[in-house]
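Have a look at query-v8.txt below; it lists compact mmCIF, C-alpha atoms.
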# COMPACT_ATOMS: atom_id res chain seq x y z
CA MET B 1 16.22 -70.61 4.97
CA THR B 2 14.29 -71.12 1.73
CA HIS B 3 16.05 -72.00 -1.50
CA LYS B 4 15.56 -68.45 -2.87
CA ALA B 5 16.82 -66.77 0.30
CA GLU B 6 19.84 -69.07 0.24
CA SER B 7 20.53 -68.24 -3.41
CA LEU B 8 20.13 -64.54 -2.72
CA HIS B 9 22.58 -64.76 0.17
CA ARG B 10 25.02 -66.52 -2.14
CA ILE B 11 24.64 -63.88 -4.87
CA LEU B 12 24.59 -60.84 -2.58
CA PRO B 13 26.32 -62.00 0.62
CA LYS B 14 26.31 -58.71 2.50
CA LYS B 15 24.49 -55.41 2.60
CA LYS B 16 26.27 -52.29 1.46
CA ASN B 17 24.66 -49.01 2.34
CA GLY B 18 25.82 -45.43 2.00
CA ILE B 19 24.07 -42.12 1.57
CA ILE B 20 26.03 -41.09 -1.51
CA SER B 21 27.41 -44.44 -2.54
CA SER B 22 27.54 -45.51 -6.19
CA VAL B 23 26.73 -49.13 -5.38
CA VAL B 24 24.14 -49.92 -2.74
CA VAL B 25 23.38 -53.57 -2.06
CA LEU B 26 20.03 -54.42 -0.44
CA PRO B 27 19.30 -50.81 0.57
CA ASP B 28 17.34 -50.31 3.81
CA LYS B 29 15.58 -47.02 3.35
CA MET B 30 15.13 -46.80 -0.40
CA ARG B 31 11.57 -46.83 -1.71
CA PHE B 32 10.16 -45.85 -5.06
CA GLU B 33 6.75 -44.68 -6.12
CA THR B 34 5.62 -47.72 -8.09
CA GLN B 35 7.13 -50.32 -5.75
CA ASN B 36 4.84 -53.32 -5.35
CA PRO B 37 4.05 -54.65 -1.85
CA ASN B 38 6.37 -57.66 -2.10
CA GLU B 39 8.96 -56.04 -4.32
CA LYS B 40 12.46 -55.93 -2.83
CA VAL B 41 15.29 -53.70 -4.01
CA TYR B 42 18.47 -55.73 -4.52
CA LEU B 43 20.78 -53.20 -6.10
CA MET B 44 20.87 -49.48 -6.54
CA LEU B 45 23.56 -48.09 -8.81
CA ARG B 46 24.79 -44.69 -9.85
CA ARG B 47 27.62 -43.48 -12.04
CA HIS B 48 31.04 -43.88 -10.39
CA PHE B 49 31.83 -41.03 -7.98
CA ILE B 50 35.03 -40.25 -9.89
CA ARG B 51 32.79 -38.94 -12.70
CA ASN B 52 32.04 -36.00 -10.38
CA LEU B 53 35.69 -34.97 -10.23
CA GLY B 54 35.28 -32.39 -13.04
CA TRP B 55 32.61 -30.32 -11.34
CA ILE B 56 34.20 -30.70 -7.90
CA ILE B 57 37.49 -29.25 -9.23
CA SER B 58 35.54 -26.52 -11.09
CA PHE B 59 33.72 -25.69 -7.85
CA ILE B 60 36.98 -25.34 -5.91
CA ILE B 61 38.68 -23.24 -8.60
CA LEU B 62 35.67 -20.95 -9.17
CA SER B 63 35.23 -20.49 -5.40
CA ILE B 64 38.75 -19.26 -4.87
CA ILE B 65 38.80 -16.87 -7.85
CA PRO B 66 37.47 -13.86 -5.82
CA PHE B 67 40.11 -14.52 -3.12
CA PHE B 68 42.77 -14.86 -5.81
CA LEU B 69 41.70 -11.55 -7.42
CA SER B 70 41.71 -9.89 -4.02
CA PHE B 71 45.25 -11.20 -3.44
CA ILE B 72 46.37 -9.90 -6.87
CA PHE B 73 44.88 -6.45 -6.18
CA ASN B 74 46.62 -6.38 -2.80
CA ARG B 75 49.95 -7.24 -4.39
CA LEU B 76 49.43 -4.45 -6.94
CA ASN B 77 48.45 -2.06 -4.12
CA VAL B 78 45.06 -1.45 -5.74
CA ASP B 79 42.18 -0.91 -3.36
CA ILE B 80 39.10 -1.63 -5.48
CA TYR B 81 36.88 -0.14 -2.79
CA GLN B 82 38.55 3.21 -3.45
CA VAL B 83 37.83 3.16 -7.21
CA GLU B 84 35.38 6.00 -7.71
CA GLU B 85 33.06 4.27 -10.19
CA LEU B 86 32.82 1.07 -8.15
CA LYS B 87 30.67 1.42 -5.09
CA GLN B 88 31.11 -1.11 -2.31
CA SER B 89 27.52 -2.28 -2.77
CA TYR B 90 28.20 -3.15 -6.42
CA ILE B 91 31.18 -5.28 -5.46
CA LEU B 92 29.16 -7.02 -2.76
CA ALA B 93 26.32 -7.68 -5.25
CA ALA B 94 28.77 -9.03 -7.84
CA ILE B 95 30.32 -11.40 -5.26
CA MET B 96 26.87 -12.61 -4.20
CA VAL B 97 25.83 -13.27 -7.82
CA TRP B 98 29.14 -15.06 -8.45
CA TYR B 99 28.73 -17.44 -5.48
CA LEU B 100 25.07 -17.97 -6.31
CA LEU B 101 26.02 -19.07 -9.83
CA ILE B 102 28.68 -21.44 -8.45
CA PHE B 103 26.23 -22.88 -5.94
CA THR B 104 23.57 -23.48 -8.62
CA PHE B 105 26.08 -25.04 -11.00
CA THR B 106 27.41 -27.37 -8.28
CA PHE B 107 23.98 -28.27 -6.94
CA MET B 108 22.68 -29.09 -10.43
CA ARG B 109 25.66 -31.28 -11.22
CA PHE B 110 25.24 -33.10 -7.92
CA LEU B 111 21.53 -33.66 -8.57
CA ASP B 112 22.32 -34.88 -12.06
CA TRP B 113 24.56 -37.54 -10.54
CA TYR B 114 22.42 -38.31 -7.50
CA PHE B 115 19.11 -38.85 -9.28
CA ASN B 116 20.39 -40.83 -12.25
CA ILE B 117 19.81 -44.17 -10.63
CA TYR B 118 19.61 -47.75 -11.83
CA VAL B 119 17.59 -50.06 -9.64
CA VAL B 120 17.43 -53.85 -9.73
CA THR B 121 14.56 -55.43 -7.81
CA ASN B 122 13.23 -58.97 -7.61
CA GLU B 123 10.80 -58.06 -10.40
CA ARG B 124 12.43 -55.56 -12.75
CA LEU B 125 15.18 -53.16 -13.78
CA ILE B 126 14.39 -49.48 -13.51
CA ASP B 127 16.36 -46.62 -15.04
CA PHE B 128 15.69 -43.20 -13.48
CA ASP B 129 16.93 -40.44 -15.80
CA PHE B 130 16.97 -36.93 -14.45
CA SER B 131 18.05 -33.54 -15.63
CA PRO B 132 17.63 -30.70 -13.08
CA PHE B 133 15.44 -28.44 -15.20
CA ALA B 134 14.90 -30.29 -18.43
CA TYR B 135 13.18 -33.60 -17.85
CA HIS B 136 12.90 -36.74 -15.85
CA LYS B 137 12.31 -40.10 -17.46
CA ILE B 138 11.77 -43.48 -15.89
CA SER B 139 12.03 -46.70 -17.89
CA GLU B 140 11.72 -50.25 -16.69
CA THR B 141 11.78 -53.81 -17.91
CA GLY B 142 10.95 -57.10 -16.24
CA LEU B 143 13.85 -59.28 -15.11
CA ASP B 144 12.32 -62.07 -17.21
CA CYS B 145 12.79 -59.89 -20.33
CA ILE B 146 16.57 -59.74 -19.95
CA VAL B 147 18.19 -61.58 -22.82
CA ASP B 148 21.86 -60.84 -22.21
CA ALA B 149 24.20 -58.31 -20.67
CA THR B 150 27.44 -56.83 -21.98
CA GLN B 151 30.00 -54.73 -20.14
CA GLU B 152 32.47 -52.25 -21.53
CA ASN B 153 35.40 -50.39 -19.95
CA ILE B 154 36.85 -47.93 -22.43
CA GLY B 155 39.40 -45.25 -21.62
CA PHE B 156 42.10 -44.46 -19.13
CA LEU B 157 39.94 -43.43 -16.15
CA PRO B 158 37.50 -46.37 -16.49
CA MET B 159 40.46 -48.76 -16.53
CA LEU B 160 42.12 -47.04 -13.59
CA PHE B 161 39.05 -46.81 -11.38
CA ASN B 162 37.26 -49.90 -12.67
CA TYR B 163 34.04 -48.42 -13.95
CA GLY B 164 32.24 -48.78 -17.25
CA ASP B 165 28.97 -49.30 -19.07
CA VAL B 166 26.70 -52.32 -18.82
CA TYR B 167 24.32 -52.87 -21.74
CA ILE B 168 21.36 -55.07 -21.03
CA GLN B 169 19.52 -56.49 -24.03
CA THR B 170 15.86 -57.07 -23.40
CA ALA B 171 13.09 -58.80 -25.27
CA GLY B 172 10.72 -55.94 -24.46
CA GLU B 173 9.81 -52.83 -26.38
CA LYS B 174 12.84 -50.92 -25.10
CA ARG B 175 15.54 -53.10 -26.61
CA GLU B 176 18.49 -52.02 -24.52
CA PHE B 177 19.11 -50.67 -21.05
CA ASP B 178 22.37 -48.78 -20.57
CA PHE B 179 23.85 -48.58 -17.10
CA THR B 180 26.36 -45.81 -17.73
CA ALA B 181 29.71 -45.58 -15.91
CA VAL B 182 28.74 -47.90 -13.07
CA PRO B 183 31.49 -49.12 -10.71
CA LYS B 184 32.70 -52.72 -11.10
CA PRO B 185 30.78 -53.38 -14.35
CA ALA B 186 31.79 -57.06 -14.47
CA TRP B 187 30.35 -57.57 -10.99
CA VAL B 188 27.15 -55.67 -11.92
CA ARG B 189 26.65 -57.68 -15.12
CA ASP B 190 27.22 -60.93 -13.27
CA LYS B 191 24.86 -60.06 -10.40
CA ILE B 192 22.06 -58.96 -12.75
CA MET B 193 22.25 -62.23 -14.70
CA ASP B 194 22.50 -64.26 -11.47
CA LEU B 195 19.46 -62.52 -10.01
CA ARG B 196 17.49 -63.12 -13.21
CA ASP B 197 18.43 -66.81 -13.14
CA MET B 198 17.63 -67.08 -9.45
CA ILE B 199 14.13 -65.70 -9.93
CA TYR B 200 13.11 -67.10 -13.29
CA LYS B 201 14.95 -70.38 -13.66
CA LYS B 202 13.68 -73.44 -11.85
CA PRO B 203 16.08 -74.91 -9.27
CA LYS B 204 17.94 -77.98 -10.54
CA MET A 1 28.09 11.74 -15.09
CA LEU A 2 24.77 10.94 -16.69
CA PRO A 3 25.97 8.31 -19.20
CA GLU A 4 27.78 6.46 -16.38
CA ASN A 5 24.64 6.50 -14.27
CA LEU A 6 22.67 5.26 -17.24
CA LEU A 7 25.16 2.45 -17.71
CA PHE A 8 24.76 1.36 -14.09
CA ILE A 9 20.98 1.58 -14.33
CA ALA A 10 21.06 -0.55 -17.49
CA ILE A 11 23.32 -3.14 -15.80
CA LYS A 12 21.08 -3.16 -12.74
CA LEU A 13 17.96 -3.65 -14.85
CA LEU A 14 19.62 -6.43 -16.80
CA LEU A 15 20.68 -8.12 -13.56
CA ILE A 16 17.17 -7.85 -12.15
CA VAL A 17 15.66 -9.42 -15.27
CA LEU A 18 18.25 -12.22 -15.20
CA LEU A 19 17.69 -12.84 -11.50
CA VAL A 20 13.93 -13.07 -11.99
CA ILE A 21 14.55 -15.74 -14.66
CA TYR A 22 17.04 -17.33 -12.25
CA LEU A 23 14.38 -17.37 -9.54
CA LEU A 24 12.01 -19.21 -11.89
CA ILE A 25 14.76 -21.75 -12.66
CA ALA A 26 15.40 -22.24 -8.92
CA ILE A 27 11.68 -22.89 -8.41
CA LEU A 28 11.72 -25.33 -11.33
CA ILE A 29 14.70 -27.18 -9.82
CA ALA A 30 12.90 -27.41 -6.46
CA ARG A 31 9.80 -28.75 -8.22
CA GLN A 32 11.89 -31.34 -10.09
CA ILE A 33 13.46 -32.42 -6.79
CA VAL A 34 10.02 -32.86 -5.23
CA LEU A 35 8.96 -34.98 -8.22
CA MET A 36 12.11 -37.10 -8.10
CA ASN A 37 11.81 -37.55 -4.33
CA LYS A 38 8.29 -38.76 -4.93
CA ALA A 39 9.49 -41.16 -7.62
CA ILE A 40 12.38 -42.45 -5.56
CA ARG A 41 12.75 -41.97 -1.83
CA THR A 42 16.29 -42.07 -0.43
CA LYS A 43 18.02 -41.05 2.79
CA LEU A 44 18.93 -37.62 1.36
CA SER A 45 15.42 -36.74 0.13
CA GLY A 46 14.60 -34.41 3.03
CA LEU A 47 17.97 -32.67 2.87
CA LEU A 48 17.70 -32.10 -0.89
CA ASN A 49 14.26 -30.53 -0.47
CA LEU A 50 15.71 -28.24 2.19
CA VAL A 51 18.71 -27.26 0.04
CA SER A 52 16.47 -26.50 -2.95
CA PHE A 53 14.34 -24.28 -0.70
CA ILE A 54 17.47 -22.50 0.62
CA HIS A 55 18.56 -22.06 -3.01
CA ILE A 56 15.29 -20.25 -3.84
CA LEU A 57 15.75 -18.14 -0.72
CA LEU A 58 19.32 -17.22 -1.72
CA VAL A 59 18.23 -16.13 -5.21
CA PHE A 60 15.49 -14.08 -3.61
CA VAL A 61 17.94 -12.45 -1.16
CA VAL A 62 20.36 -11.58 -3.99
CA LEU A 63 17.47 -10.14 -6.00
CA ILE A 64 16.48 -7.96 -3.04
CA VAL A 65 20.10 -6.85 -2.52
CA ILE A 66 20.38 -5.86 -6.21
CA LEU A 67 17.04 -4.01 -6.03
CA LEU A 68 18.20 -2.07 -2.96
CA THR A 69 21.66 -1.29 -4.38
CA LYS A 70 22.02 2.41 -5.19
What do you get writing this file as structure tokens?
Amino acid sequence: MTHKAESLHRILPKKKNGIISSVVVLPDKMRFETQNPNEKVYLMLRRHFIRNLGWIISFIILSIIPFFLSFIFNRLNVDIYQVEELKQSYILAAIMVWYLLIFTFTFMRFLDWYFNIYVVTNERLIDFDFSPFAYHKISETGLDCIVDATQENIGFLPMLFNYGDVYIQTAGEKREFDFTAVPKPAWVRDKIMDLRDMIYKKPK
Amino acid sequence: MLPENLLFIAIKLLLIVLLVIYLLIAILIARQIVLMNKAIRTKLSGLLNLVSFIHILLVFVVLIVILLTK
């Protein structure tokens, strides 16, 4: 085992994969467009999964509203299919539009979480920013440009679920990289600095 | 009777216009997914492409249903 492989094993002792995981260590099947031939992905991070709780709860509540309304009408002995002005086809169309809106809302929120990715390779940090129909932006900086890293856990949920922001100061044109709401921010900050030292500092 | 019919026609027309815009948004989302999958390839890339295609199809089906509603 070479010195670098040994150091890497010490910094990232085991792989951690998962299709929708927030922290992926040494991912197997992840590739990106501008990946160089010898470039290896060490870490792939997303916002903590708990940040999706809002839209998951909204999805559940919005999905059961038609059933809830149907239940209410039943209790009131109102058969909406018998209302003269409301044809059955209108009700069916309204239900279809309702579920379509819920599906789009949920899908967009999922994509927003899934494609906002932070990647750490043996050469650079890459920040993939994505908004389903507004923009996508990709910024990167070399690992050698990292000056320092700061972590921050603010609020009740970040404290409870151990997630927070990691700010990485760089010497490059883009002064700061923000890894927003990543799980285990202390671990992330430490690993990024360790990987930078492993690659760019000469062994003692 | 006529004003009520007019009201339903107006609602139907409005829905059709909105769904056409919706269809364009669904296509835009699918296009964005293709671009992102090109930028970063993950295990879910294929599935996301498929879901975005189904999404377009669903909007199209709802549009057809609204058009055929009398």
Practice task
Residues of chain A near chain B: apply a cut-off of 7 Å, count all atoms listed in the file, and supply the list as a ChimeraX atom specification.
Solution key: /A:28-29,32,38-44,62,65-66,69
Name all residues at most 12 Å from Ser7 (chain B) (count only C-alpha atoms; drop same-chain ones fewer than 6 positions away) and give them as a PDB file with C-alpha atoms, in the coordinates of the input.
ATOM      1  CA  MET B   1      16.220 -70.610   4.970  1.00  0.00           C
ATOM      2  CA  PRO B  13      26.320 -62.000   0.620  1.00  0.00           C
ATOM      3  CA  LYS B 191      24.860 -60.060 -10.400  1.00  0.00           C
ATOM      4  CA  ASP B 194      22.500 -64.260 -11.470  1.00  0.00           C
ATOM      5  CA  LEU B 195      19.460 -62.520 -10.010  1.00  0.00           C
ATOM      6  CA  ARG B 196      17.490 -63.120 -13.210  1.00  0.00           C
ATOM      7  CA  ASP B 197      18.430 -66.810 -13.140  1.00  0.00           C
ATOM      8  CA  MET B 198      17.630 -67.080  -9.450  1.00  0.00           C
ATOM      9  CA  ILE B 199      14.130 -65.700  -9.930  1.00  0.00           C
ATOM     10  CA  LYS B 201      14.950 -70.380 -13.660  1.00  0.00           C
ATOM     11  CA  PRO B 203      16.080 -74.910  -9.270  1.00  0.00           C
TER      12      PRO B 203
END
Handout entry: Å distance separating CA of Lys40 (chain B) from CA of Thr170 (chain B), one decimal place
Key =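 CA of Thr170 (chain B) lies at a distance of 20.9 Å from CA of Lys40 (chain B).
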Practice task
Can you work out the spacing between CA of Thr150 (chain B) and CA of Arg10 (chain B) in Å, to one decimal?
Solution key: 22.2 Å
Practice task
Please provide the set of residues having any atom within 12 Å of Leu24 (chain A), restricted to all atoms listed in the file, with same-chain residues fewer than 2 positions apart removed, written as a list in words.
Solution key: Phe133 of chain B; Val17, Leu18, Leu19, Val20, Ile21, Tyr22, Ala26, Ile27, Leu28, Ile29, Ala30, Arg31, His55, Ile56, Leu57, Val59 and Phe60 of chain A
Exercise for the section: Grab the CA of Ile146 (chain B) to CA of Gln169 (chain B) distance for me, in Å with one decimal place. Expected result: 6.0 Å
Taking all atoms of region 31-40 of chain B that the file lists and extending 4 Å past them on each side, where is the centre of the axis-aligned box and how long are its edges? Answer in Å to one decimal, as lines of an AutoDock Vina configuration file.
center_x = 8.3
center_y = -51.2
center_z = -4.9
size_x = 16.4
size_y = 21.0
size_z = 14.4
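Across B:Ala5, B:Ile72, B:Leu125, B:Val23, the tightest approach to Trp187 (chain B) is made by B:Val23 when counting all atoms listed in the file.
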Please reconstruct the missing atoms of region 42-54 of chain A (target: N, CA and C atoms) and return them as a CSV table (one decimal), in the coordinates of the input.
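The resulting file, selection-v2.csv, is shown below:
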chain,number,residue,atom,x,y,z
A,42,THR,N,15.0,-41.6,-1.0
A,42,THR,CA,16.3,-42.1,-0.4
A,42,THR,C,16.5,-41.3,0.9
A,43,LYS,N,17.7,-41.7,1.5
A,43,LYS,CA,18.0,-41.0,2.8
A,43,LYS,C,18.2,-39.5,2.7
A,44,LEU,N,18.6,-39.1,1.5
A,44,LEU,CA,18.9,-37.6,1.4
A,44,LEU,C,17.7,-36.8,0.9
A,45,SER,N,16.6,-37.4,0.7
A,45,SER,CA,15.4,-36.7,0.1
A,45,SER,C,15.1,-35.5,0.9
A,46,GLY,N,15.0,-35.6,2.2
A,46,GLY,CA,14.6,-34.4,3.0
A,46,GLY,C,15.6,-33.3,2.9
A,47,LEU,N,16.9,-33.7,2.9
A,47,LEU,CA,18.0,-32.7,2.9
A,47,LEU,C,18.0,-31.9,1.5
A,48,LEU,N,17.7,-32.7,0.4
A,48,LEU,CA,17.7,-32.1,-0.9
A,48,LEU,C,16.5,-31.1,-1.0
A,49,ASN,N,15.4,-31.5,-0.5
A,49,ASN,CA,14.3,-30.5,-0.5
A,49,ASN,C,14.6,-29.2,0.2
A,50,LEU,N,15.3,-29.4,1.4
A,50,LEU,CA,15.7,-28.2,2.2
A,50,LEU,C,16.7,-27.4,1.4
A,51,VAL,N,17.7,-28.0,0.8
A,51,VAL,CA,18.7,-27.3,0.0
A,51,VAL,C,18.1,-26.5,-1.1
A,52,SER,N,17.1,-27.2,-1.8
A,52,SER,CA,16.5,-26.5,-3.0
A,52,SER,C,15.7,-25.3,-2.5
A,53,PHE,N,15.1,-25.4,-1.3
A,53,PHE,CA,14.3,-24.3,-0.7
A,53,PHE,C,15.3,-23.1,-0.3
A,54,ILE,N,16.5,-23.5,0.3
A,54,ILE,CA,17.5,-22.5,0.6
A,54,ILE,C,18.0,-21.8,-0.7
